[in-house]
Amino acid sequence: MLGTALALTQVMPLAAQDTTTQDQVTPAEDQSPSIPGEQSAANSLTPDEPAAMVPESDNRPLSFAELAKQVSPSVVNITTTSVVAAATGPEGQVPQGSPFEDFFDQFGGPNGGPQRSQALGSGFVISDDGYIVTNNHVIEGADEIQVEFFGGEQMPAKLVGTDPEADIALLKVEGTGHPFVEFGDSNGSDAEVGDWVLAMGNPLGQGFSISAGIVSARGRELSGTYDDFIQTDAAINRGNSGGPLFDMNGRVIGVNTAILSPTGGSIGIGFAMSSDVVKGVVDQLREFGETRRGWLGVRIQDVTPDMVGAIEGLDTPNGALVTDVPEGPAKDAGVESGDVILSFDGQPVTDTRDLVRRVGAAPVGEQAAMEVLRDGKTVTLNVTLARREEAEATAQPASAEGGPTQPESSEVLGMTLTVPTPEVLQELGLDEGTQGLVVTEVEPISDAADKGLAPGDVITEAGQQPVASVADFEVAVKSAEEAGRKSLLLLVRRGGEPRFVALSITEDDKGSQDQGTTQEQ
């Protein structure tokens, strides 16, 4: 049995095929791989005309054979070897001094000696001089990496660099003249939903294999920060990890990475990391041996539809709403909490995920123009990006807003708001020096409860203005009403993490809606 059975609808990476505990079907010696369907022309029964012809106006291929012949020499099987420590325990221990002790010490066994483990995956060549792309999880922890080409030639490969974030690794073999393929446009006209695709690789350790399907969806997100997966129904299984997903022009538009399956086998829901992401990662690994992603230095959250009426000048729920600006490039550029980032480097920003990907792909140390919505007006800021990897290594805490406090409380919009006193802070377990208004009670039947507000939350802004007293909050409510808005935008902190919540101020616009979570960029 291959691998471990998974829970229903579990998303799993296409783990490299483990060969340690599985019997493998071994082809006869001296039998080199051949392209399926290849025949002797002299003895063939090939008719003068094909059995059926697809109209020229129809883009559906009659056969994938010709395309497979052209691109298959670029696809490789990857075998990794690693040394793992055997499990230890009281069972099966070899007594000290036993005649079998030397045997198990040499080859590994009950006494916990190391054992060698092998795993299989796939990859593809992207250059004449032997650069090979695969998944990071295929080669992770490997001591040795062996590459087998389509024609049967085997060569050792060295690791150039890895990117666990996108699950991509770059390998290199010696020599020149290697057959290679090019990257295509995963967002282009040849990779639209419904277009044909080919998946190639080494499924279940059976050797070179090809499967066909269509692009089922684009822009899928699984669990990573930079996820941009193509979903396909082309059959991919364990061992296909790192193999290419081709468009009908023979260009790679994705790297087969994960499947959705209750059994560990293909059920027609596979995911390939888009070439749009892979190309940038590979270029950096090739040049630097590591990734160098841009870092803006803000905390952001998605703009929800009910925020449109609460943010002056915002017409659609697009952009990324800034919840906090710690020390970093964004603060140096003048970004403020409450700004809505509308565009980055000349491209519109649809949501937080879009902004994170665009910033991550931008060059470190170079200046980029960024448009933000502030107080109903569009402001252009120029930001010089730092490097995300360095910023994460020296992460700084988010800034906190300040303001005077007064011992007062009041019920507003279904919440009891209190200026923090030492007694209130101690009762709710909040940090000393907390600024803003503390939520001490929330009416169960209220928009505040529907939006997830709870005792212990701290409101630091209302209507994008700081609040230090209940009077400040009431002024913000009145100003929103006079401006004809249906909701009031609140900046709420819970456990130090900020998020914006659009709270209804009209009876006919109250309802439950997820306000989303914040992330750092």
# chains A, B, ... in the order shown; residues from 1 in each chain; ligands from 1
$ residues_around --residues "segment 438-451 of chain A" --least-positions-apart "4" --cutoff "6 Å" --atoms "only C-alpha atoms" --output "list in words"
Gly414, Met415, Thr416, Leu417, Thr418, Pro455, Gly456, Asp457, Val458, Lys510 and Ser512 of chain A
$ write_last_selection --atoms "all heavy atoms" --output "short mmCIF file (atom, residue, chain, number, x, y, z; two decimals), in the first residue's frame"
data_model
loop_
_atom_site.label_atom_id
_atom_site.label_comp_id
_atom_site.auth_asym_id
_atom_site.auth_seq_id
_atom_site.Cartn_x
_atom_site.Cartn_y
_atom_site.Cartn_z
N GLY A 414 -24.42 48.79 20.89
CA GLY A 414 -24.47 47.42 21.40
C GLY A 414 -23.25 47.01 22.20
O GLY A 414 -23.11 45.83 22.53
N MET A 415 -22.38 47.96 22.53
CA MET A 415 -21.18 47.65 23.30
C MET A 415 -21.09 48.56 24.52
O MET A 415 -21.53 49.72 24.47
CB MET A 415 -19.91 47.86 22.46
CG MET A 415 -19.85 47.08 21.18
SD MET A 415 -18.37 47.55 20.21
CE MET A 415 -18.80 49.26 19.76
N THR A 416 -20.54 48.04 25.60
CA THR A 416 -20.18 48.88 26.73
C THR A 416 -18.70 49.20 26.60
O THR A 416 -17.85 48.30 26.64
CB THR A 416 -20.45 48.17 28.07
OG1 THR A 416 -21.84 47.85 28.16
CG2 THR A 416 -20.06 49.06 29.24
N LEU A 417 -18.41 50.48 26.40
CA LEU A 417 -17.03 50.93 26.18
C LEU A 417 -16.53 51.63 27.43
O LEU A 417 -17.23 52.47 28.02
CB LEU A 417 -16.97 51.88 24.98
CG LEU A 417 -17.50 51.31 23.66
CD1 LEU A 417 -17.39 52.36 22.56
CD2 LEU A 417 -16.74 50.05 23.27
N THR A 418 -15.30 51.31 27.80
CA THR A 418 -14.71 51.86 29.02
C THR A 418 -13.30 52.33 28.76
O THR A 418 -12.53 51.63 28.09
CB THR A 418 -14.68 50.79 30.14
OG1 THR A 418 -16.00 50.30 30.36
CG2 THR A 418 -14.13 51.38 31.44
N PRO A 455 -15.75 41.06 24.84
CA PRO A 455 -15.08 41.73 25.97
C PRO A 455 -13.57 41.49 25.92
O PRO A 455 -13.12 40.38 25.65
CB PRO A 455 -15.72 41.06 27.19
CG PRO A 455 -17.07 40.63 26.72
CD PRO A 455 -16.88 40.22 25.29
N GLY A 456 -12.84 42.54 26.17
CA GLY A 456 -11.38 42.47 26.10
C GLY A 456 -10.82 43.08 24.84
O GLY A 456 -9.62 43.39 24.78
N ASP A 457 -11.66 43.25 23.81
CA ASP A 457 -11.21 43.94 22.60
C ASP A 457 -10.95 45.41 22.93
O ASP A 457 -11.63 46.00 23.78
CB ASP A 457 -12.26 43.85 21.50
CG ASP A 457 -12.35 42.46 20.90
OD1 ASP A 457 -11.43 41.66 21.13
OD2 ASP A 457 -13.36 42.18 20.21
N VAL A 458 -9.99 45.98 22.24
CA VAL A 458 -9.64 47.39 22.46
C VAL A 458 -9.83 48.14 21.15
O VAL A 458 -9.24 47.79 20.13
CB VAL A 458 -8.19 47.55 22.95
CG1 VAL A 458 -7.86 49.03 23.17
CG2 VAL A 458 -7.97 46.78 24.24
N LYS A 510 -27.82 45.89 9.49
CA LYS A 510 -27.11 45.06 10.45
C LYS A 510 -27.17 43.61 10.03
O LYS A 510 -28.20 43.11 9.63
CB LYS A 510 -27.69 45.25 11.84
CG LYS A 510 -27.50 46.68 12.37
CD LYS A 510 -28.04 46.82 13.77
CE LYS A 510 -27.83 48.25 14.29
NZ LYS A 510 -28.35 48.45 15.63
N SER A 512 -24.56 39.70 10.01
CA SER A 512 -23.28 39.04 10.27
C SER A 512 -22.46 38.96 9.01
O SER A 512 -22.95 38.59 7.96
CB SER A 512 -23.55 37.63 10.80
OG SER A 512 -22.35 36.94 10.98
#
$ residues_around --residues "Asp143 of chain A" --least-positions-apart "2" --cutoff "8 Å" --atoms "only C-alpha atoms" --output "number ranges by chain"
A: 80-83, 141, 145
$ write_last_selection --atoms "N, CA, C and O atoms" --output "compact mmCIF listing (two decimals), in the first residue's frame"
# COMPACT_ATOMS: atom_id res chain seq x y z
N THR A 80 16.13 10.33 -4.50
CA THR A 80 16.91 10.91 -3.40
C THR A 80 17.21 9.82 -2.37
O THR A 80 16.41 8.91 -2.16
N THR A 81 18.36 9.94 -1.76
CA THR A 81 18.77 9.02 -0.71
C THR A 81 19.12 9.81 0.54
O THR A 81 19.82 10.82 0.45
N SER A 82 18.62 9.35 1.67
CA SER A 82 18.92 10.03 2.93
C SER A 82 19.15 8.98 4.01
O SER A 82 18.64 7.86 3.92
N VAL A 83 19.91 9.36 5.01
CA VAL A 83 20.18 8.47 6.14
C VAL A 83 19.28 8.91 7.29
O VAL A 83 19.29 10.07 7.70
N GLY A 141 16.00 17.25 2.84
CA GLY A 141 16.68 16.30 3.72
C GLY A 141 17.50 15.25 3.01
O GLY A 141 18.03 14.33 3.65
N ILE A 145 21.30 13.05 -4.50
CA ILE A 145 20.23 13.25 -5.48
C ILE A 145 20.70 12.69 -6.81
O ILE A 145 21.74 13.09 -7.33
$ residues_around --residues "Asp228 of chain A" --least-positions-apart "2" --cutoff "10 Å" --atoms "only C-alpha atoms" --output "PyMOL selection string"
chain A and resi 166+186+218-222+224-226+230-231+254+271-278+353-354+357
$ residues_around --residues "Ala362 of chain A" --least-positions-apart "5" --cutoff "10 Å" --atoms "only C-alpha atoms" --output "CSV table (one decimal) with C-alpha atoms, in the first residue's frame"
chain,number,residue,atom,x,y,z
A,280,GLY,CA,10.6,34.4,-10.3
A,292,ARG,CA,15.1,37.7,-2.1
A,293,ARG,CA,11.5,38.8,-1.8
A,294,GLY,CA,10.4,42.4,-1.3
A,295,TRP,CA,9.0,43.5,2.1
A,344,PHE,CA,1.4,48.9,-6.3
A,345,ASP,CA,4.0,49.6,-9.0
A,357,ARG,CA,2.5,38.5,-4.2
A,367,GLN,CA,11.7,52.2,-5.4
A,368,ALA,CA,8.1,51.5,-6.3
A,385,LEU,CA,11.4,47.8,-0.4
A,387,ARG,CA,14.1,42.1,2.0
$ residues_around --residues "Pro420 of chain A" --least-positions-apart "2" --cutoff "10 Å" --atoms "only C-alpha atoms" --output "ChimeraX atom specification"
/A:405-409,417-418,422-426,430,432-440,458,468-469
$ closest_residue --among "A:Val76, A:Glu312, A:Val138, A:Pro498" --to "Glu153 of chain A" --atoms "only C-alpha atoms"
A:Val76
$ select_by_dssp --residues "segment 138-343 of chain A" --states "strand (DSSP E or B)" --output "VMD selection string"
chain A and resid 144 to 148 154 to 156 158 to 163 168 to 172 183 196 to 201 209 to 220 229 to 232 244 to 246 252 to 260 270 to 274 294 to 295 299 to 302 320 to 324 340 to 343
$ residues_around --residues "Ala333 of chain A" --least-positions-apart "2" --cutoff "12 Å" --atoms "only C-alpha atoms" --output "short mmCIF file (atom, residue, chain, number, x, y, z; two decimals) with C-alpha atoms, in the first residue's frame"
data_model
loop_
_atom_site.label_atom_id
_atom_site.label_comp_id
_atom_site.auth_asym_id
_atom_site.auth_seq_id
_atom_site.Cartn_x
_atom_site.Cartn_y
_atom_site.Cartn_z
CA LEU A 296 6.76 46.49 2.61
CA GLY A 297 6.39 46.38 6.38
CA VAL A 298 2.65 46.74 7.03
CA VAL A 325 2.56 50.34 10.34
CA PRO A 326 5.60 49.27 12.39
CA GLU A 327 9.08 50.59 11.70
CA GLY A 328 10.03 49.73 8.14
CA PRO A 329 9.84 50.79 4.49
CA ALA A 330 6.12 51.63 4.58
CA LYS A 331 6.47 53.91 7.58
CA VAL A 335 1.98 54.97 4.94
CA GLU A 336 -0.55 55.35 7.76
CA GLN A 367 11.66 52.22 -5.39
CA ALA A 368 8.05 51.50 -6.31
CA ALA A 369 5.08 53.83 -6.56
CA MET A 370 2.05 53.00 -4.45
CA GLU A 371 -1.38 54.65 -4.50
CA VAL A 372 -3.35 54.77 -1.27
CA VAL A 379 -2.23 59.79 -2.42
CA THR A 380 0.84 58.52 -4.29
CA LEU A 381 3.73 57.32 -2.12
CA ASN A 382 7.16 56.05 -3.18
CA VAL A 383 8.44 53.13 -1.13
CA THR A 384 11.85 51.45 -1.22
CA LEU A 385 11.36 47.77 -0.41
#
$ atom_distance --atom1 "atom CA of Leu491 of chain A" --atom2 "atom CA of Ala361 of chain A"
29.3 Å
$ closest_residue --among "A:Ala483, A:Ala217, A:Leu373, A:Val281" --to "Gly319 of chain A" --atoms "only C-alpha atoms"
A:Leu373
